[in-house]
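Asks: I am sharing structure-v8.pdb, which consists of PDB, C-alpha atoms:
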ATOM      1  CA  MET A   3     331.794  96.781  81.780
ATOM      2  CA  SER A   4     328.121  97.114  82.687
ATOM      3  CA  GLN A   5     327.080  96.706  86.291
ATOM      4  CA  GLN A   6     324.153  94.417  87.059
ATOM      5  CA  ALA A   7     321.160  96.269  88.487
ATOM      6  CA  PHE A   8     320.627  96.235  92.238
ATOM      7  CA  PHE A   9     317.761  94.084  93.520
ATOM      8  CA  TRP A  10     315.515  97.109  94.119
ATOM      9  CA  GLN A  11     316.038  98.157  90.498
ATOM     10  CA  ARG A  12     315.184  94.789  88.970
ATOM     11  CA  LYS A  13     312.472  93.523  91.347
ATOM     12  CA  THR A  14     309.083  94.862  92.310
ATOM     13  CA  LEU A  15     308.359  95.296  96.005
ATOM     14  CA  ALA A  16     306.208  92.155  95.864
ATOM     15  CA  GLU A  17     309.053  90.114  94.341
ATOM     16  CA  MET A  18     311.543  90.957  97.076
ATOM     17  CA  SER A  19     312.593  88.448  99.704
ATOM     18  CA  ARG A  20     311.913  89.329 103.321
ATOM     19  CA  GLU A  21     315.605  90.140 103.773
ATOM     20  CA  GLU A  22     315.605  92.444 100.739
ATOM     21  CA  TRP A  23     312.381  94.101 101.909
ATOM     22  CA  GLU A  24     313.761  94.726 105.393
ATOM     23  CA  SER A  25     317.017  96.128 103.983
ATOM     24  CA  LEU A  26     315.064  98.908 102.255
ATOM     25  CA  CYS A  27     314.532 100.580 105.624
ATOM     26  CA  ASP A  28     317.073 103.398 105.811
ATOM     27  CA  GLY A  29     316.768 103.688 109.590
ATOM     28  CA  CYS A  30     315.541 107.286 109.629
ATOM     29  CA  GLY A  31     312.923 106.588 112.314
ATOM     30  CA  ARG A  32     310.374 108.925 110.762
ATOM     31  CA  CYS A  33     307.809 106.138 110.500
ATOM     32  CA  CYS A  34     308.065 105.841 114.307
ATOM     33  CA  LEU A  35     306.795 109.398 114.706
ATOM     34  CA  HIS A  36     303.152 109.586 115.703
ATOM     35  CA  LYS A  37     300.903 111.011 113.062
ATOM     36  CA  LEU A  38     297.549 112.724 113.379
ATOM     37  CA  GLN A  39     294.928 112.630 110.652
ATOM     38  CA  ASP A  40     292.355 115.346 110.100
ATOM     39  CA  ASP A  41     288.961 113.616 110.003
ATOM     40  CA  ASP A  42     287.511 116.188 107.610
ATOM     41  CA  THR A  43     290.336 116.447 105.061
ATOM     42  CA  ASP A  44     292.220 113.146 105.631
ATOM     43  CA  GLU A  45     295.440 115.186 105.731
ATOM     44  CA  VAL A  46     298.197 113.557 107.792
ATOM     45  CA  TYR A  47     300.389 115.542 110.166
ATOM     46  CA  TYR A  48     303.629 114.325 111.721
ATOM     47  CA  THR A  49     304.426 115.122 115.322
ATOM     48  CA  ASP A  50     307.832 115.136 117.007
ATOM     49  CA  ILE A  51     306.551 112.385 119.313
ATOM     50  CA  HIS A  52     308.059 108.983 118.643
ATOM     51  CA  CYS A  53     307.349 105.490 119.866
ATOM     52  CA  ARG A  54     308.714 104.818 123.336
ATOM     53  CA  TYR A  55     310.511 101.746 121.994
ATOM     54  CA  MET A  56     312.634 103.644 119.496
ATOM     55  CA  GLN A  57     316.304 103.995 120.369
ATOM     56  CA  ARG A  58     316.995 107.709 120.125
ATOM     57  CA  ASP A  59     320.617 107.426 119.003
ATOM     58  CA  ASN A  60     320.126 105.104 116.025
ATOM     59  CA  CYS A  61     316.335 105.200 115.403
ATOM     60  CA  ARG A  62     315.979 101.415 115.694
ATOM     61  CA  CYS A  63     313.111  99.632 117.416
ATOM     62  CA  THR A  64     314.109  97.923 120.650
ATOM     63  CA  VAL A  65     311.202  95.458 120.395
ATOM     64  CA  TYR A  66     311.086  94.984 116.618
ATOM     65  CA  LEU A  67     310.042  91.330 116.609
ATOM     66  CA  GLU A  68     307.386  91.963 119.301
ATOM     67  CA  ARG A  69     306.256  95.397 118.162
ATOM     68  CA  GLN A  70     302.753  94.345 117.127
ATOM     69  CA  LYS A  71     302.156  92.852 120.547
ATOM     70  CA  LYS A  72     303.618  95.771 122.510
ATOM     71  CA  VAL A  73     302.223  98.490 120.223
ATOM     72  CA  PRO A  74     299.043  97.115 118.590
ATOM     73  CA  ASN A  75     298.658 100.110 116.255
ATOM     74  CA  CYS A  76     302.262  99.926 115.007
ATOM     75  CA  VAL A  77     302.150  99.837 111.219
ATOM     76  CA  TRP A  78     303.745  96.791 109.663
ATOM     77  CA  LEU A  79     304.561  97.707 106.072
ATOM     78  CA  THR A  80     303.939  95.075 103.421
ATOM     79  CA  PRO A  81     304.284  95.124  99.626
ATOM     80  CA  GLU A  82     300.509  94.725  99.325
ATOM     81  CA  GLN A  83     300.068  98.172 100.912
ATOM     82  CA  ALA A  84     302.436  99.944  98.511
ATOM     83  CA  SER A  85     299.660 102.031  96.954
ATOM     84  CA  GLU A  86     298.899 103.441 100.421
ATOM     85  CA  PHE A  87     302.459 104.593 101.213
ATOM     86  CA  HIS A  88     301.614 108.265 100.534
ATOM     87  CA  TRP A  89     301.723 108.978 104.274
ATOM     88  CA  LEU A  90     305.348 107.863 104.555
ATOM     89  CA  PRO A  91     308.031 110.550 104.300
ATOM     90  CA  GLU A  92     308.990 111.508 100.748
ATOM     91  CA  THR A  93     312.500 110.207 101.480
ATOM     92  CA  CYS A  94     311.331 106.709 102.475
ATOM     93  CA  ALA A  95     312.658 103.916 100.224
ATOM     94  CA  TYR A  96     309.368 102.014 100.408
ATOM     95  CA  ARG A  97     307.441 105.041  99.175
ATOM     96  CA  LEU A  98     310.073 106.022  96.597
ATOM     97  CA  LEU A  99     310.123 102.572  95.022
ATOM     98  CA  ALA A 100     306.327 102.221  95.174
ATOM     99  CA  GLU A 101     306.058 105.511  93.270
ATOM    100  CA  GLY A 102     308.783 104.592  90.763
ATOM    101  CA  TYR A 103     311.584 106.833  92.057
ATOM    102  CA  PRO A 104     315.227 105.888  92.757
ATOM    103  CA  LEU A 105     316.820 105.752  96.194
ATOM    104  CA  PHE A 106     318.784 108.768  97.405
ATOM    105  CA  ASP A 107     322.588 108.632  97.445
ATOM    106  CA  TRP A 108     322.601 108.735 101.261
ATOM    107  CA  HIS A 109     320.530 105.543 101.532
ATOM    108  CA  PRO A 110     322.632 102.863 103.267
ATOM    109  CA  LEU A 111     322.116 100.449 100.354
ATOM    110  CA  ILE A 112     323.742 103.019  98.045
ATOM    111  CA  SER A 113     326.341 104.507 100.398
ATOM    112  CA  GLY A 114     327.310 101.261 102.108
ATOM    113  CA  ASP A 115     327.238 103.152 105.417
ATOM    114  CA  PRO A 116     324.409 102.459 107.901
ATOM    115  CA  ASP A 117     324.993 105.910 109.435
ATOM    116  CA  SER A 118     324.685 107.810 106.144
ATOM    117  CA  VAL A 119     321.005 108.557 106.820
ATOM    118  CA  HIS A 120     321.994 110.253 110.086
ATOM    119  CA  LYS A 121     324.964 112.081 108.521
ATOM    120  CA  ALA A 122     322.651 113.394 105.785
ATOM    121  CA  GLY A 123     320.306 114.870 108.410
ATOM    122  CA  ILE A 124     317.364 112.755 107.282
ATOM    123  CA  SER A 125     316.852 110.781 110.485
ATOM    124  CA  ILE A 126     315.271 111.845 113.736
ATOM    125  CA  ALA A 127     318.226 110.570 115.763
ATOM    126  CA  ASN A 128     318.436 112.222 119.191
ATOM    127  CA  ALA A 129     315.331 114.289 118.475
ATOM    128  CA  GLY A 130     311.720 114.211 119.519
ATOM    129  CA  VAL A 131     309.950 113.006 122.614
ATOM    130  CA  PRO A 132     308.924 109.450 123.584
ATOM    131  CA  ASP A 133     305.141 108.937 123.488
ATOM    132  CA  ASP A 134     304.982 107.917 127.140
ATOM    133  CA  LYS A 135     306.195 111.425 128.125
ATOM    134  CA  VAL A 136     303.434 113.453 126.442
ATOM    135  CA  PRO A 137     299.698 113.076 127.162
ATOM    136  CA  GLU A 138     297.847 112.196 123.967
ATOM    137  CA  ASP A 139     295.559 115.225 124.285
ATOM    138  CA  GLU A 140     298.674 117.425 123.851
ATOM    139  CA  TRP A 141     299.958 115.764 120.675
ATOM    140  CA  GLU A 142     298.475 118.464 118.412
ATOM    141  CA  ASP A 143     300.904 120.892 120.061
ATOM    142  CA  HIS A 144     303.767 118.752 118.707
ATOM    143  CA  ILE A 145     302.904 118.845 114.970
ATOM    144  CA  ILE A 146     306.067 119.466 112.947
ATOM    145  CA  TRP A 147     305.025 118.912 109.299
ATOM    146  CA  LYS A 148     302.248 117.818 106.986
ATOM    147  CA  ALA A 149     302.657 114.637 104.940
TER     148      ALA A 149
END
Here is the file; what I need is its structure written in the form of structure tokens.
Replies:
Amino acid sequence: MSQQAFFWQRKTLAEMSREEWESLCDGCGRCCLHKLQDDDTDEVYYTDIHCRYMQRDNCRCTVYLERQKKVPNCVWLTPEQASEFHWLPETCAYRLLAEGYPLFDWHPLISGDPDSVHKAGISIANAGVPDDKVPEDEWEDHIIWKA
């Protein structure tokens, strides 16, 4: 008996409903880490500094519906930006699908477990520092990897 393909396998990012689009987020919290971009090379560097509104234990935004108002530079991912997702972590479902790759087995849509991303060690749960605790001129000291 053949199994019907999952929505992310049969639809493009642009064809997905809002609910489907939102469900692609694995909850890793890595997109909530502040990033620095080198003006000369355009290289992007991740810091261990995360948005003050991120819950540390589950990597969820505490002000999700108001995030653009509370954090004006918070990135709101849309299907139209898919070609620009290169700065997202290589494990991110949005980037993977935009680049034509499958989701990892630990992704909650595959595993059926919303904590699988944490159990797999992909998330930043209980790590990092809230951005209101580190002066911005010290963020370079908190670089942890290059995108």
Asks: List the residues selected by the PyMOL selection byres ((chain A and resi 13) around 12) in the file shown, writing them as a PDB file with C-alpha atoms, in the frame of the given file.
Replies:
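Contents of out23.pdb, as written:
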ATOM      1  CA  ALA A   7     321.160  96.269  88.487  1.00  0.00           C
ATOM      2  CA  PHE A   8     320.627  96.235  92.238  1.00  0.00           C
ATOM      3  CA  PHE A   9     317.761  94.084  93.520  1.00  0.00           C
ATOM      4  CA  TRP A  10     315.515  97.109  94.119  1.00  0.00           C
ATOM      5  CA  GLN A  11     316.038  98.157  90.498  1.00  0.00           C
ATOM      6  CA  ARG A  12     315.184  94.789  88.970  1.00  0.00           C
ATOM      7  CA  THR A  14     309.083  94.862  92.310  1.00  0.00           C
ATOM      8  CA  LEU A  15     308.359  95.296  96.005  1.00  0.00           C
ATOM      9  CA  ALA A  16     306.208  92.155  95.864  1.00  0.00           C
ATOM     10  CA  GLU A  17     309.053  90.114  94.341  1.00  0.00           C
ATOM     11  CA  MET A  18     311.543  90.957  97.076  1.00  0.00           C
ATOM     12  CA  SER A  19     312.593  88.448  99.704  1.00  0.00           C
ATOM     13  CA  GLU A  22     315.605  92.444 100.739  1.00  0.00           C
ATOM     14  CA  TRP A  23     312.381  94.101 101.909  1.00  0.00           C
ATOM     15  CA  PRO A  81     304.284  95.124  99.626  1.00  0.00           C
ATOM     16  CA  LEU A  99     310.123 102.572  95.022  1.00  0.00           C
ATOM     17  CA  ALA A 100     306.327 102.221  95.174  1.00  0.00           C
ATOM     18  CA  GLY A 102     308.783 104.592  90.763  1.00  0.00           C
TER      19      GLY A 102
END
Asks: Nearest to Arg58 (chain A): which of A:Pro132, A:Pro137, A:Pro116, A:Pro91 is it, counting only C-alpha atoms?
Replies: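 Checking each candidate against Arg58 (chain A), we get A:Pro132 as the closest.
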Asks: Rank A:Trp141, A:Arg20, A:Leu38, A:Arg32 by their smallest atom-to-atom distance to Met56 (chain A), using all atoms listed in the file, and report the top residue only.
Replies: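 Using all atoms listed in the file, Met56 (chain A) sits closest to A:Arg32.
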Asks: With 10 Å as the threshold, what does the neighbourhood of (322.9, 102.3, 105.9) contain in terms of residues, counting only C-alpha atoms? Coordinates are those of the file; answer as a list in words.
Replies: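 Protein, DNA and RNA residues close to (322.9, 102.3, 105.9): Ser25, Leu26, Cys27, Asp28, Gly29, Cys30, Trp108, His109, Pro110, Leu111, Ile112, Ser113, Gly114, Asp115, Pro116, Asp117, Ser118, Val119 and His120 of chain A.
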Asks: If you measure from CA of Asp40 (chain A) to CA of Tyr55 (chain A), what distance in Å do you get, rounded to one decimal?
Replies: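 Computing it gives 25.6 Å between the two atoms.
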Asks: Kindly indicate which residue among A:Gln70, A:Asp139, A:Asp134, A:Glu86 lies nearest to His52 (chain A), using only C-alpha atoms for the distances.
Replies: A:Asp134
Asks: Can you list what the PyMOL selection byres ((chain A and resi 77) around 12) grabs from this structure, as a VMD selection string?
Replies: chain A and resid 33 to 37 53 66 69 to 71 73 to 76 78 to 80 83 86 to 87 89 to 90
Asks: In Å, how far is it from CA of His144 (chain A) to CA of Ile51 (chain A)?
Replies: 7.0 Å
Asks: At a cut-off of 10 Å from (309.6, 115.7, 103.9) in the coordinates of the file, what residues are picked up using all atoms listed in the file, written as a list in words?
Replies: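 Protein, DNA and RNA residues close to (309.6, 115.7, 103.9): Arg32, Tyr48, Leu90, Pro91, Glu92, Thr93, Cys94, Ile124, Trp147, Lys148 and Ala149 of chain A.
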Asks: In Å, rounded to a single decimal, give me how far CA of Asp41 (chain A) is from CA of Asp143 (chain A).
Replies: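 Here the two named atoms are 17.2 Å from each other.
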Asks: Taking all atoms listed in the file into account, name the residue in A:Asp133, A:Asp42, A:Asp107, A:Glu82 that is nearest to Arg54 (chain A).
Replies: A:Asp133
Asks: Determine the nearest neighbour of Ala84 (chain A) from the options A:Lys72, A:Leu105, A:Leu98, A:Glu45, counting all atoms listed in the file.
Replies: A:Leu98
Asks: Which centre and edge lengths in Å to one decimal define the box along x, y and z that fits every listed atom of region 45-58 of chain A plus 6 Å per side, as AutoDock Vina command-line options?
Replies:
--center_x 306.2 --center_y 108.6 --center_z 114.5 --size_x 33.6 --size_y 25.8 --size_z 29.6
Asks: Nearest residue to Tyr96 (chain A) out of A:Cys63, A:Thr43, A:Glu142, A:Glu24, using only C-alpha atoms?
Replies: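 Smallest distance to Tyr96 (chain A) is found for A:Glu24.
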Asks: Add whatever atoms are absent from region 85-96 of chain A to reach N, CA and C atoms, and provide the output as a compact mmCIF listing (two decimals), in the frame of the given file.
Replies:
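The file below, part.txt, is the result:
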# COMPACT_ATOMS: atom_id res chain seq x y z
N SER A 85 300.45 100.92 97.50
CA SER A 85 299.66 102.03 96.95
C SER A 85 299.19 102.99 98.04
N GLU A 86 299.33 102.60 99.30
CA GLU A 86 298.90 103.44 100.42
C GLU A 86 300.06 104.15 101.10
N PHE A 87 301.27 104.07 100.55
CA PHE A 87 302.46 104.59 101.21
C PHE A 87 302.59 106.12 101.16
N HIS A 88 301.56 106.81 100.66
CA HIS A 88 301.61 108.26 100.53
C HIS A 88 301.84 108.98 101.85
N TRP A 89 301.54 108.35 102.96
CA TRP A 89 301.72 108.98 104.27
C TRP A 89 303.16 108.87 104.78
N LEU A 90 303.95 107.99 104.16
CA LEU A 90 305.35 107.86 104.56
C LEU A 90 306.12 109.10 104.09
N PRO A 91 307.23 109.39 104.74
CA PRO A 91 308.03 110.55 104.30
C PRO A 91 308.45 110.40 102.84
N GLU A 92 308.61 111.52 102.16
CA GLU A 92 308.99 111.51 100.75
C GLU A 92 310.37 110.91 100.53
N THR A 93 311.16 110.77 101.57
CA THR A 93 312.50 110.21 101.48
C THR A 93 312.52 108.70 101.71
N CYS A 94 311.40 108.12 102.11
CA CYS A 94 311.33 106.71 102.48
C CYS A 94 311.49 105.81 101.24
N ALA A 95 312.40 104.83 101.34
CA ALA A 95 312.66 103.92 100.22
C ALA A 95 311.40 103.16 99.81
N TYR A 96 310.59 102.75 100.75
CA TYR A 96 309.37 102.01 100.41
C TYR A 96 308.45 102.88 99.55
